[in-house]
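Source file: start_27.pdb; contents: PDB, C-alpha atoms, pLDDT in the B column.
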```pdb
ATOM      1  CA  MET A   1      54.009 -21.914  -8.113  1.00 43.00           C
ATOM      2  CA  LYS A   2      52.671 -23.043 -11.485  1.00 40.00           C
ATOM      3  CA  ARG A   3      54.641 -25.911 -12.922  1.00 45.00           C
ATOM      4  CA  GLN A   4      56.191 -25.358 -16.337  1.00 44.00           C
ATOM      5  CA  GLY A   5      55.245 -27.967 -18.921  1.00 46.00           C
ATOM      6  CA  THR A   6      57.865 -30.464 -19.994  1.00 45.00           C
ATOM      7  CA  SER A   7      59.455 -30.279 -23.424  1.00 43.00           C
ATOM      8  CA  LEU A   8      57.251 -33.153 -24.616  1.00 44.00           C
ATOM      9  CA  GLU A   9      54.120 -31.511 -23.232  1.00 45.00           C
ATOM     10  CA  ARG A  10      54.955 -28.265 -24.999  1.00 42.00           C
ATOM     11  CA  LYS A  11      55.612 -30.140 -28.229  1.00 42.00           C
ATOM     12  CA  LEU A  12      52.264 -31.919 -28.015  1.00 40.00           C
ATOM     13  CA  ALA A  13      50.530 -28.634 -27.293  1.00 41.00           C
ATOM     14  CA  ARG A  14      52.081 -27.120 -30.416  1.00 42.00           C
ATOM     15  CA  ILE A  15      50.988 -30.104 -32.488  1.00 39.00           C
ATOM     16  CA  GLN A  16      47.432 -29.922 -31.208  1.00 41.00           C
ATOM     17  CA  SER A  17      47.246 -26.196 -31.858  1.00 38.00           C
ATOM     18  CA  GLY A  18      48.562 -26.625 -35.401  1.00 42.00           C
ATOM     19  CA  THR A  19      51.724 -24.596 -34.839  1.00 43.00           C
ATOM     20  CA  ALA A  20      54.230 -27.436 -34.905  1.00 45.00           C
ATOM     21  CA  GLY A  21      56.837 -26.956 -37.602  1.00 45.00           C
ATOM     22  CA  ALA A  22      55.904 -23.289 -37.893  1.00 48.00           C
ATOM     23  CA  PRO A  23      59.022 -21.138 -37.465  1.00 48.00           C
ATOM     24  CA  ASN A  24      58.435 -17.425 -38.015  1.00 50.00           C
ATOM     25  CA  GLY A  25      54.702 -17.979 -38.216  1.00 56.00           C
ATOM     26  CA  PHE A  26      54.838 -20.486 -41.073  1.00 65.00           C
ATOM     27  CA  LEU A  27      53.024 -23.801 -41.028  1.00 76.00           C
ATOM     28  CA  MET A  28      54.428 -26.155 -43.619  1.00 81.00           C
ATOM     29  CA  GLU A  29      52.026 -28.712 -45.030  1.00 85.00           C
ATOM     30  CA  VAL A  30      53.565 -31.468 -47.118  1.00 87.00           C
ATOM     31  CA  CYS A  31      51.650 -33.600 -49.578  1.00 90.00           C
ATOM     32  CA  VAL A  32      52.888 -37.203 -49.304  1.00 94.00           C
ATOM     33  CA  ASP A  33      51.913 -40.572 -50.708  1.00 94.00           C
ATOM     34  CA  SER A  34      53.797 -42.995 -48.450  1.00 95.00           C
ATOM     35  CA  VAL A  35      54.556 -43.722 -44.814  1.00 96.00           C
ATOM     36  CA  GLU A  36      58.249 -42.984 -45.341  1.00 94.00           C
ATOM     37  CA  SER A  37      57.518 -39.586 -46.855  1.00 94.00           C
ATOM     38  CA  ALA A  38      55.153 -38.761 -43.989  1.00 95.00           C
ATOM     39  CA  VAL A  39      57.804 -39.608 -41.400  1.00 95.00           C
ATOM     40  CA  ASN A  40      60.446 -37.607 -43.257  1.00 93.00           C
ATOM     41  CA  ALA A  41      58.066 -34.668 -43.629  1.00 91.00           C
ATOM     42  CA  GLU A  42      57.548 -34.538 -39.871  1.00 93.00           C
ATOM     43  CA  ARG A  43      61.286 -34.812 -39.242  1.00 93.00           C
ATOM     44  CA  GLY A  44      61.847 -31.998 -41.709  1.00 90.00           C
ATOM     45  CA  GLY A  45      59.549 -29.640 -39.831  1.00 88.00           C
ATOM     46  CA  ALA A  46      56.156 -30.125 -41.447  1.00 89.00           C
ATOM     47  CA  GLY A  47      53.269 -29.052 -39.241  1.00 91.00           C
ATOM     48  CA  ARG A  48      50.621 -30.934 -41.193  1.00 93.00           C
ATOM     49  CA  ILE A  49      50.424 -33.673 -43.824  1.00 94.00           C
ATOM     50  CA  GLU A  50      48.114 -34.039 -46.777  1.00 95.00           C
ATOM     51  CA  LEU A  51      47.983 -37.766 -47.432  1.00 97.00           C
ATOM     52  CA  CYS A  52      47.067 -39.006 -50.874  1.00 96.00           C
ATOM     53  CA  SER A  53      47.909 -41.451 -53.607  1.00 96.00           C
ATOM     54  CA  GLY A  54      48.565 -40.777 -57.281  1.00 91.00           C
ATOM     55  CA  LEU A  55      50.671 -37.631 -56.990  1.00 88.00           C
ATOM     56  CA  LEU A  56      51.206 -37.571 -60.749  1.00 87.00           C
ATOM     57  CA  GLU A  57      47.429 -37.289 -61.137  1.00 89.00           C
ATOM     58  CA  GLY A  58      47.254 -34.397 -58.696  1.00 87.00           C
ATOM     59  CA  GLY A  59      46.372 -36.628 -55.743  1.00 93.00           C
ATOM     60  CA  THR A  60      43.740 -39.299 -55.209  1.00 97.00           C
ATOM     61  CA  THR A  61      42.368 -41.107 -52.158  1.00 98.00           C
ATOM     62  CA  PRO A  62      45.064 -43.113 -50.323  1.00 98.00           C
ATOM     63  CA  SER A  63      44.530 -46.621 -49.031  1.00 98.00           C
ATOM     64  CA  MET A  64      43.214 -46.932 -45.490  1.00 98.00           C
ATOM     65  CA  GLY A  65      46.188 -49.149 -44.722  1.00 98.00           C
ATOM     66  CA  VAL A  66      48.559 -46.304 -45.532  1.00 98.00           C
ATOM     67  CA  LEU A  67      46.465 -43.920 -43.421  1.00 98.00           C
ATOM     68  CA  GLN A  68      46.459 -46.288 -40.471  1.00 98.00           C
ATOM     69  CA  VAL A  69      50.234 -46.762 -40.488  1.00 98.00           C
ATOM     70  CA  VAL A  70      50.910 -43.054 -41.078  1.00 98.00           C
ATOM     71  CA  LYS A  71      48.775 -42.187 -38.048  1.00 98.00           C
ATOM     72  CA  GLN A  72      50.807 -44.676 -36.007  1.00 97.00           C
ATOM     73  CA  SER A  73      54.073 -43.183 -37.270  1.00 98.00           C
ATOM     74  CA  VAL A  74      53.630 -39.396 -36.945  1.00 97.00           C
ATOM     75  CA  GLN A  75      52.201 -36.994 -34.380  1.00 97.00           C
ATOM     76  CA  ILE A  76      51.308 -34.077 -36.640  1.00 96.00           C
ATOM     77  CA  PRO A  77      47.797 -33.768 -38.115  1.00 97.00           C
ATOM     78  CA  VAL A  78      47.023 -35.849 -41.208  1.00 98.00           C
ATOM     79  CA  PHE A  79      44.506 -34.501 -43.719  1.00 97.00           C
ATOM     80  CA  VAL A  80      43.252 -37.119 -46.191  1.00 98.00           C
ATOM     81  CA  MET A  81      42.498 -36.522 -49.858  1.00 97.00           C
ATOM     82  CA  ILE A  82      39.062 -37.739 -50.957  1.00 98.00           C
ATOM     83  CA  ARG A  83      39.209 -38.046 -54.729  1.00 97.00           C
ATOM     84  CA  PRO A  84      38.171 -41.312 -56.383  1.00 97.00           C
ATOM     85  CA  ARG A  85      40.138 -40.723 -59.602  1.00 96.00           C
ATOM     86  CA  GLY A  86      42.275 -38.264 -61.500  1.00 94.00           C
ATOM     87  CA  GLY A  87      40.884 -36.062 -64.224  1.00 94.00           C
ATOM     88  CA  ASP A  88      37.993 -33.647 -63.888  1.00 94.00           C
ATOM     89  CA  PHE A  89      35.908 -32.864 -60.816  1.00 96.00           C
ATOM     90  CA  LEU A  90      32.493 -33.970 -62.077  1.00 96.00           C
ATOM     91  CA  TYR A  91      31.493 -37.188 -60.379  1.00 97.00           C
ATOM     92  CA  SER A  92      28.982 -39.889 -61.213  1.00 97.00           C
ATOM     93  CA  ASP A  93      26.527 -41.261 -58.656  1.00 97.00           C
ATOM     94  CA  ARG A  94      28.722 -44.321 -58.098  1.00 98.00           C
ATOM     95  CA  GLU A  95      31.818 -42.189 -57.650  1.00 98.00           C
ATOM     96  CA  ILE A  96      29.957 -40.087 -55.096  1.00 98.00           C
ATOM     97  CA  GLU A  97      29.102 -43.244 -53.168  1.00 98.00           C
ATOM     98  CA  VAL A  98      32.792 -44.156 -53.198  1.00 98.00           C
ATOM     99  CA  MET A  99      33.677 -40.702 -51.847  1.00 98.00           C
ATOM    100  CA  LYS A 100      31.151 -41.005 -49.045  1.00 98.00           C
ATOM    101  CA  ALA A 101      32.439 -44.458 -48.110  1.00 98.00           C
ATOM    102  CA  ASP A 102      36.040 -43.198 -48.150  1.00 98.00           C
ATOM    103  CA  ILE A 103      35.129 -40.279 -45.882  1.00 98.00           C
ATOM    104  CA  GLN A 104      33.581 -42.620 -43.337  1.00 98.00           C
ATOM    105  CA  LEU A 105      36.584 -44.941 -43.454  1.00 98.00           C
ATOM    106  CA  ALA A 106      39.083 -42.097 -43.223  1.00 98.00           C
ATOM    107  CA  LYS A 107      37.338 -40.843 -40.086  1.00 98.00           C
ATOM    108  CA  LEU A 108      37.354 -44.366 -38.678  1.00 98.00           C
ATOM    109  CA  TYR A 109      41.093 -44.719 -39.271  1.00 97.00           C
ATOM    110  CA  GLY A 110      41.972 -41.432 -37.598  1.00 97.00           C
ATOM    111  CA  ALA A 111      42.057 -38.684 -40.239  1.00 98.00           C
ATOM    112  CA  ASP A 112      42.426 -35.231 -38.690  1.00 98.00           C
ATOM    113  CA  GLY A 113      40.828 -33.467 -41.646  1.00 97.00           C
ATOM    114  CA  LEU A 114      39.525 -34.172 -45.147  1.00 97.00           C
ATOM    115  CA  VAL A 115      40.298 -32.639 -48.525  1.00 96.00           C
ATOM    116  CA  PHE A 116      37.923 -32.781 -51.489  1.00 97.00           C
ATOM    117  CA  GLY A 117      36.197 -30.739 -54.161  1.00 96.00           C
ATOM    118  CA  ALA A 118      33.482 -31.012 -56.796  1.00 97.00           C
ATOM    119  CA  LEU A 119      32.324 -28.789 -59.637  1.00 97.00           C
ATOM    120  CA  THR A 120      29.356 -28.551 -61.970  1.00 96.00           C
ATOM    121  CA  GLU A 121      29.644 -28.859 -65.742  1.00 94.00           C
ATOM    122  CA  ASP A 122      29.610 -25.075 -66.137  1.00 94.00           C
ATOM    123  CA  GLY A 123      32.492 -24.508 -63.738  1.00 93.00           C
ATOM    124  CA  TYR A 124      30.738 -23.619 -60.500  1.00 96.00           C
ATOM    125  CA  ILE A 125      31.008 -25.227 -57.071  1.00 96.00           C
ATOM    126  CA  ASP A 126      28.690 -28.238 -56.832  1.00 97.00           C
ATOM    127  CA  LYS A 127      26.852 -26.881 -53.805  1.00 97.00           C
ATOM    128  CA  GLU A 128      24.526 -29.816 -53.255  1.00 97.00           C
ATOM    129  CA  LEU A 129      27.251 -32.443 -53.359  1.00 98.00           C
ATOM    130  CA  CYS A 130      29.736 -30.411 -51.311  1.00 98.00           C
ATOM    131  CA  MET A 131      27.111 -29.667 -48.664  1.00 98.00           C
ATOM    132  CA  SER A 132      26.353 -33.358 -48.235  1.00 98.00           C
ATOM    133  CA  LEU A 133      30.055 -34.281 -48.075  1.00 98.00           C
ATOM    134  CA  VAL A 134      30.862 -31.521 -45.586  1.00 98.00           C
ATOM    135  CA  ALA A 135      28.070 -32.775 -43.333  1.00 98.00           C
ATOM    136  CA  LEU A 136      29.445 -36.312 -43.559  1.00 98.00           C
ATOM    137  CA  CYS A 137      32.960 -35.084 -42.700  1.00 98.00           C
ATOM    138  CA  ARG A 138      31.957 -33.339 -39.484  1.00 97.00           C
ATOM    139  CA  PRO A 139      33.234 -32.774 -36.873  1.00 97.00           C
ATOM    140  CA  LEU A 140      36.506 -32.817 -38.831  1.00 97.00           C
ATOM    141  CA  PRO A 141      37.729 -29.695 -40.687  1.00 95.00           C
ATOM    142  CA  VAL A 142      37.372 -29.703 -44.471  1.00 95.00           C
ATOM    143  CA  THR A 143      39.550 -28.268 -47.232  1.00 93.00           C
ATOM    144  CA  PHE A 144      38.456 -27.594 -50.806  1.00 93.00           C
ATOM    145  CA  HIS A 145      41.242 -28.768 -53.096  1.00 91.00           C
ATOM    146  CA  ARG A 146      42.618 -27.371 -56.344  1.00 88.00           C
ATOM    147  CA  ALA A 147      39.394 -27.931 -58.217  1.00 92.00           C
ATOM    148  CA  PHE A 148      39.111 -24.294 -57.124  1.00 92.00           C
ATOM    149  CA  ASP A 149      41.538 -23.359 -59.899  1.00 90.00           C
ATOM    150  CA  MET A 150      38.997 -24.562 -62.470  1.00 91.00           C
ATOM    151  CA  VAL A 151      36.045 -22.471 -61.289  1.00 93.00           C
ATOM    152  CA  HIS A 152      34.299 -19.917 -63.512  1.00 91.00           C
ATOM    153  CA  ASP A 153      34.375 -17.098 -60.915  1.00 93.00           C
ATOM    154  CA  PRO A 154      36.985 -17.474 -58.126  1.00 92.00           C
ATOM    155  CA  MET A 155      35.652 -14.641 -55.956  1.00 91.00           C
ATOM    156  CA  ALA A 156      32.096 -15.967 -56.032  1.00 92.00           C
ATOM    157  CA  ALA A 157      33.386 -19.496 -55.530  1.00 92.00           C
ATOM    158  CA  LEU A 158      35.215 -18.449 -52.363  1.00 91.00           C
ATOM    159  CA  GLU A 159      32.031 -16.951 -50.945  1.00 91.00           C
ATOM    160  CA  THR A 160      30.205 -20.172 -51.748  1.00 94.00           C
ATOM    161  CA  LEU A 161      32.831 -22.273 -49.964  1.00 93.00           C
ATOM    162  CA  VAL A 162      32.647 -20.062 -46.887  1.00 90.00           C
ATOM    163  CA  THR A 163      28.881 -20.510 -46.829  1.00 93.00           C
ATOM    164  CA  LEU A 164      29.265 -24.269 -47.175  1.00 95.00           C
ATOM    165  CA  GLY A 165      31.622 -24.375 -44.183  1.00 93.00           C
ATOM    166  CA  PHE A 166      35.033 -25.081 -45.731  1.00 93.00           C
ATOM    167  CA  GLU A 167      37.879 -23.967 -43.464  1.00 90.00           C
ATOM    168  CA  ARG A 168      40.587 -23.953 -46.143  1.00 89.00           C
ATOM    169  CA  VAL A 169      40.987 -23.615 -49.885  1.00 88.00           C
ATOM    170  CA  LEU A 170      43.904 -24.909 -51.952  1.00 87.00           C
ATOM    171  CA  THR A 171      44.779 -22.735 -54.948  1.00 83.00           C
ATOM    172  CA  SER A 172      47.608 -21.533 -57.135  1.00 81.00           C
ATOM    173  CA  GLY A 173      45.582 -18.443 -58.019  1.00 81.00           C
ATOM    174  CA  CYS A 174      44.068 -20.211 -61.041  1.00 85.00           C
ATOM    175  CA  ASP A 175      47.496 -20.129 -62.680  1.00 81.00           C
ATOM    176  CA  SER A 176      50.363 -22.564 -63.264  1.00 77.00           C
ATOM    177  CA  SER A 177      52.013 -21.651 -59.939  1.00 76.00           C
ATOM    178  CA  ALA A 178      51.204 -19.655 -56.825  1.00 75.00           C
ATOM    179  CA  LEU A 179      53.731 -16.977 -57.761  1.00 78.00           C
ATOM    180  CA  GLU A 180      52.182 -16.484 -61.182  1.00 82.00           C
ATOM    181  CA  GLY A 181      48.713 -16.474 -59.637  1.00 81.00           C
ATOM    182  CA  LEU A 182      49.726 -13.952 -57.008  1.00 83.00           C
ATOM    183  CA  PRO A 183      47.407 -11.087 -58.110  1.00 85.00           C
ATOM    184  CA  LEU A 184      44.311 -13.270 -57.722  1.00 85.00           C
ATOM    185  CA  ILE A 185      45.586 -14.773 -54.472  1.00 82.00           C
ATOM    186  CA  LYS A 186      46.031 -11.272 -53.082  1.00 82.00           C
ATOM    187  CA  ARG A 187      42.402 -10.471 -53.972  1.00 84.00           C
ATOM    188  CA  LEU A 188      41.200 -13.708 -52.382  1.00 83.00           C
ATOM    189  CA  ILE A 189      43.190 -13.072 -49.212  1.00 79.00           C
ATOM    190  CA  ASP A 190      41.783  -9.564 -48.944  1.00 78.00           C
ATOM    191  CA  GLN A 191      38.256 -10.879 -49.225  1.00 74.00           C
ATOM    192  CA  PRO A 192      36.600 -11.551 -45.813  1.00 66.00           C
ATOM    193  CA  PRO A 193      36.388 -13.765 -43.878  1.00 60.00           C
ATOM    194  CA  PHE A 194      39.717 -15.313 -44.888  1.00 53.00           C
ATOM    195  CA  GLY A 195      41.741 -12.146 -44.337  1.00 45.00           C
ATOM    196  CA  LYS A 196      43.101 -13.055 -40.899  1.00 40.00           C
ATOM    197  CA  ASN A 197      43.646 -16.735 -41.691  1.00 40.00           C
ATOM    198  CA  SER A 198      45.406 -16.441 -45.030  1.00 38.00           C
ATOM    199  CA  HIS A 199      48.095 -18.957 -45.873  1.00 42.00           C
ATOM    200  CA  ALA A 200      50.680 -18.111 -48.504  1.00 37.00           C
ATOM    201  CA  GLY A 201      52.623 -20.783 -50.361  1.00 36.00           C
ATOM    202  CA  SER A 202      54.896 -21.275 -53.336  1.00 32.00           C
ATOM    203  CA  TRP A 203      56.667 -24.040 -55.200  1.00 36.00           C
ATOM    204  CA  HIS A 204      60.055 -23.569 -53.568  1.00 39.00           C
ATOM    205  CA  SER A 205      61.023 -22.422 -50.119  1.00 40.00           C
ATOM    206  CA  GLY A 206      63.424 -19.725 -51.277  1.00 43.00           C
ATOM    207  CA  ALA A 207      60.579 -17.689 -52.733  1.00 46.00           C
ATOM    208  CA  VAL A 208      58.319 -17.800 -49.706  1.00 45.00           C
ATOM    209  CA  GLN A 209      59.582 -14.699 -47.913  1.00 47.00           C
ATOM    210  CA  ASP A 210      59.424 -12.622 -51.098  1.00 50.00           C
ATOM    211  CA  PHE A 211      56.019 -14.079 -51.924  1.00 50.00           C
ATOM    212  CA  GLY A 212      54.683 -13.227 -48.498  1.00 50.00           C
ATOM    213  CA  CYS A 213      56.069  -9.701 -48.645  1.00 47.00           C
ATOM    214  CA  LYS A 214      54.372  -9.090 -51.974  1.00 50.00           C
ATOM    215  CA  LEU A 215      51.131 -10.128 -50.341  1.00 50.00           C
ATOM    216  CA  ASN A 216      51.829  -7.784 -47.412  1.00 45.00           C
ATOM    217  CA  LEU A 217      51.327 -10.615 -44.942  1.00 41.00           C
ATOM    218  CA  LYS A 218      52.530 -10.140 -41.376  1.00 34.00           C
ATOM    219  CA  PHE A 219      54.095 -13.504 -40.700  1.00 30.00           C
ATOM    220  CA  GLN A 220      54.222 -13.022 -36.951  1.00 29.00           C
ATOM    221  CA  SER A 221      50.516 -12.220 -36.829  1.00 28.00           C
ATOM    222  CA  TYR A 222      48.972 -14.463 -39.447  1.00 29.00           C
ATOM    223  CA  PRO A 223      49.741 -18.176 -39.772  1.00 33.00           C
ATOM    224  CA  SER A 224      51.108 -18.972 -43.214  1.00 33.00           C
ATOM    225  CA  CYS A 225      51.507 -22.312 -44.875  1.00 39.00           C
ATOM    226  CA  LEU A 226      54.047 -23.485 -47.407  1.00 40.00           C
ATOM    227  CA  CYS A 227      52.574 -26.479 -49.178  1.00 43.00           C
ATOM    228  CA  VAL A 228      54.824 -28.789 -51.121  1.00 40.00           C
ATOM    229  CA  ARG A 229      54.345 -32.006 -52.988  1.00 39.00           C
ATOM    230  CA  SER A 230      57.113 -34.495 -52.354  1.00 36.00           C
ATOM    231  CA  VAL A 231      58.528 -37.805 -53.475  1.00 35.00           C
ATOM    232  CA  GLU A 232      60.703 -40.282 -51.618  1.00 35.00           C
ATOM    233  CA  THR A 233      64.279 -40.448 -52.903  1.00 34.00           C
ATOM    234  CA  GLU A 234      67.110 -42.280 -51.165  1.00 34.00           C
ATOM    235  CA  GLY A 235      65.526 -41.996 -47.751  1.00 34.00           C
ATOM    236  CA  SER A 236      64.730 -38.294 -47.814  1.00 33.00           C
ATOM    237  CA  THR A 237      61.784 -36.181 -48.854  1.00 32.00           C
ATOM    238  CA  VAL A 238      62.584 -33.977 -51.832  1.00 33.00           C
ATOM    239  CA  LEU A 239      60.639 -31.731 -54.177  1.00 34.00           C
ATOM    240  CA  ASN A 240      59.351 -33.539 -57.222  1.00 34.00           C
ATOM    241  CA  PRO A 241      60.472 -31.542 -60.298  1.00 34.00           C
ATOM    242  CA  LEU A 242      57.572 -32.978 -62.286  1.00 34.00           C
ATOM    243  CA  LEU A 243      55.165 -31.290 -59.881  1.00 32.00           C
ATOM    244  CA  LYS A 244      56.874 -27.938 -59.405  1.00 34.00           C
ATOM    245  CA  ASP A 245      53.849 -26.108 -60.794  1.00 34.00           C
ATOM    246  CA  SER A 246      51.428 -28.010 -58.556  1.00 34.00           C
ATOM    247  CA  PHE A 247      52.356 -26.196 -55.365  1.00 36.00           C
ATOM    248  CA  TYR A 248      49.603 -24.112 -54.027  1.00 40.00           C
ATOM    249  CA  CYS A 249      48.390 -21.699 -51.416  1.00 44.00           C
ATOM    250  CA  ILE A 250      46.035 -22.527 -48.613  1.00 42.00           C
ATOM    251  CA  LEU A 251      43.668 -19.685 -47.912  1.00 39.00           C
TER
END
```
Conversion result in structure tokens:
Amino acid sequence: MKRQGTSLERKLARIQSGTAGAPNGFLMEVCVDSVESAVNAERGGAGRIELCSGLLEGGTTPSMGVLQVVKQSVQIPVFVMIRPRGGDFLYSDREIEVMKADIQLAKLYGADGLVFGALTEDGYIDKELCMSLVALCRPLPVTFHRAFDMVHDPMAALETLVTLGFERVLTSGCDSSALEGLPLIKRLIDQPPFGKNSHAGSWHSGAVQDFGCKLNLKFQSYPSCLCVRSVETEGSTVLNPLLKDSFYCIL
């Protein structure tokens, strides 16, 4: 008779498959900037963490010390932001060298995935730079961050990212929030090959079910992801009101 896995074994299997913290088909990813927030995010049901620094700047590369301790403190996957500074997404040669060095260090210190993005001056995906960074990130999965919301042509940009090998895209539908950008998000979700791996998110949990219904997502069939940015307050992870319009969808 086949032995049933223990509770711990089943939990680890869910973590490895990316379904931990995913009731009703949802995977909640929480953007954090400290070890305490990462621990609280996992306790609160997050299935994945986006680790960064500089939340008020939209997220920048965290220290490798923070990454190392976070990896020692949580079991869920940790995706690391690779962004050398706030501001625009056009990078100098020296900044690109910093990004490459940070990618190598993040892999060394146990990152489970990497998050970055780069654009050209005319608002298109910087194909050459992204291709070189994706290659450096492998075999880890890569996510294109909210630089996507600044592109000239979102539909064409999505096709470009698919070609470059990005597994995920962070976006608020090129609007101030995911709910307001819902029409574009719907179009992006309907565009292959992301259709069966679409992740819907919003800036507060109460709107998620309604948001998903408007998108006609089948939560039991398609994994969905609520992404939130958080701050540490009195020992618990809470939504940062200053960042309420920075919550996004993962496609």
Counting only C-alpha atoms, figure out which residue out of A:Ser37, A:Thr160, A:Gln68, A:Gln104 gets nearest to Cys137 in chain A.
-> A:Gln104
Can you pull out every residue within 12 Å of Val69 in chain A, counting all atoms listed in the file, but drop anything in the same chain fewer than 2 positions away, and send it as a PyMOL selection string?
-> chain A and resi 34-36+38-39+51+62-67+71-75+78+109-111
Can you write out the residues you just picked, keeping C-alpha atoms, as a PDB file, keeping the file's coordinate frame?
```pdb
ATOM      1  CA  SER A  34      53.797 -42.995 -48.450  1.00 95.00           C
ATOM      2  CA  VAL A  35      54.556 -43.722 -44.814  1.00 96.00           C
ATOM      3  CA  GLU A  36      58.249 -42.984 -45.341  1.00 94.00           C
ATOM      4  CA  ALA A  38      55.153 -38.761 -43.989  1.00 95.00           C
ATOM      5  CA  VAL A  39      57.804 -39.608 -41.400  1.00 95.00           C
ATOM      6  CA  LEU A  51      47.983 -37.766 -47.432  1.00 97.00           C
ATOM      7  CA  PRO A  62      45.064 -43.113 -50.323  1.00 98.00           C
ATOM      8  CA  SER A  63      44.530 -46.621 -49.031  1.00 98.00           C
ATOM      9  CA  MET A  64      43.214 -46.932 -45.490  1.00 98.00           C
ATOM     10  CA  GLY A  65      46.188 -49.149 -44.722  1.00 98.00           C
ATOM     11  CA  VAL A  66      48.559 -46.304 -45.532  1.00 98.00           C
ATOM     12  CA  LEU A  67      46.465 -43.920 -43.421  1.00 98.00           C
ATOM     13  CA  LYS A  71      48.775 -42.187 -38.048  1.00 98.00           C
ATOM     14  CA  GLN A  72      50.807 -44.676 -36.007  1.00 97.00           C
ATOM     15  CA  SER A  73      54.073 -43.183 -37.270  1.00 98.00           C
ATOM     16  CA  VAL A  74      53.630 -39.396 -36.945  1.00 97.00           C
ATOM     17  CA  GLN A  75      52.201 -36.994 -34.380  1.00 97.00           C
ATOM     18  CA  VAL A  78      47.023 -35.849 -41.208  1.00 98.00           C
ATOM     19  CA  TYR A 109      41.093 -44.719 -39.271  1.00 97.00           C
ATOM     20  CA  GLY A 110      41.972 -41.432 -37.598  1.00 97.00           C
ATOM     21  CA  ALA A 111      42.057 -38.684 -40.239  1.00 98.00           C
TER      22      ALA A 111
END
```
Can you tell me, as number ranges by chain, what residues are no more than 12 Å from range 94-101 of chain A when counting only C-alpha atoms, ignoring any on the same chain fewer than 4 positions away?
-> A: 60-62, 64, 80-86, 89-90, 105-108, 114-118, 128-130, 132-137
Between CA of Phe79 in chain A and CA of Lys186 in chain A, measure the distance and give it in Å to one decimal.
->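 Atom-to-atom, CA of Phe79 in chain A to CA of Lys186 in chain A, that is 25.1 Å.
With distances taken from (48.5, -30.8, -43.7) and restricted to all atoms listed in the file, the residues inside 9 Å are Leu27, Met28, Glu29, Val30, Cys31, Ala46, Gly47, Arg48, Ile49, Glu50, Leu51, Ile76, Pro77, Val78, Phe79, Val80, Gly113 and Cys227 of chain A.
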Fewer than 5 positions away in the same chain doesn't count, so skip those; otherwise give me all residues within 8 Å of range 138-155 of chain A, counting only C-alpha atoms, as a list of chain:residue names.
-> A:Phe89, A:Asp112, A:Gly113, A:Leu114, A:Val115, A:Phe116, A:Gly117, A:Ala118, A:Leu119, A:Asp122, A:Gly123, A:Tyr124, A:Ile125, A:Leu161, A:Gly165, A:Phe166, A:Glu167, A:Arg168, A:Val169, A:Leu170, A:Thr171, A:Ser172, A:Gly173, A:Cys174, A:Asp175, A:Leu188
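In this model, the gap between CA of Val162 in chain A and CA of Ala178 in chain A comes to 21.1 Å.
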What is the distance between CA of Gly87 in chain A and CA of Glu159 in chain A, in Å to one decimal?
-> 24.9 Å
Nearest to Asp33 in chain A by atom-to-atom distance, counting only C-alpha atoms, from A:Ile185, A:Ala156, A:Leu164, A:Val70 |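 Closest to Asp33 in chain A of all the choices is A:Val70.
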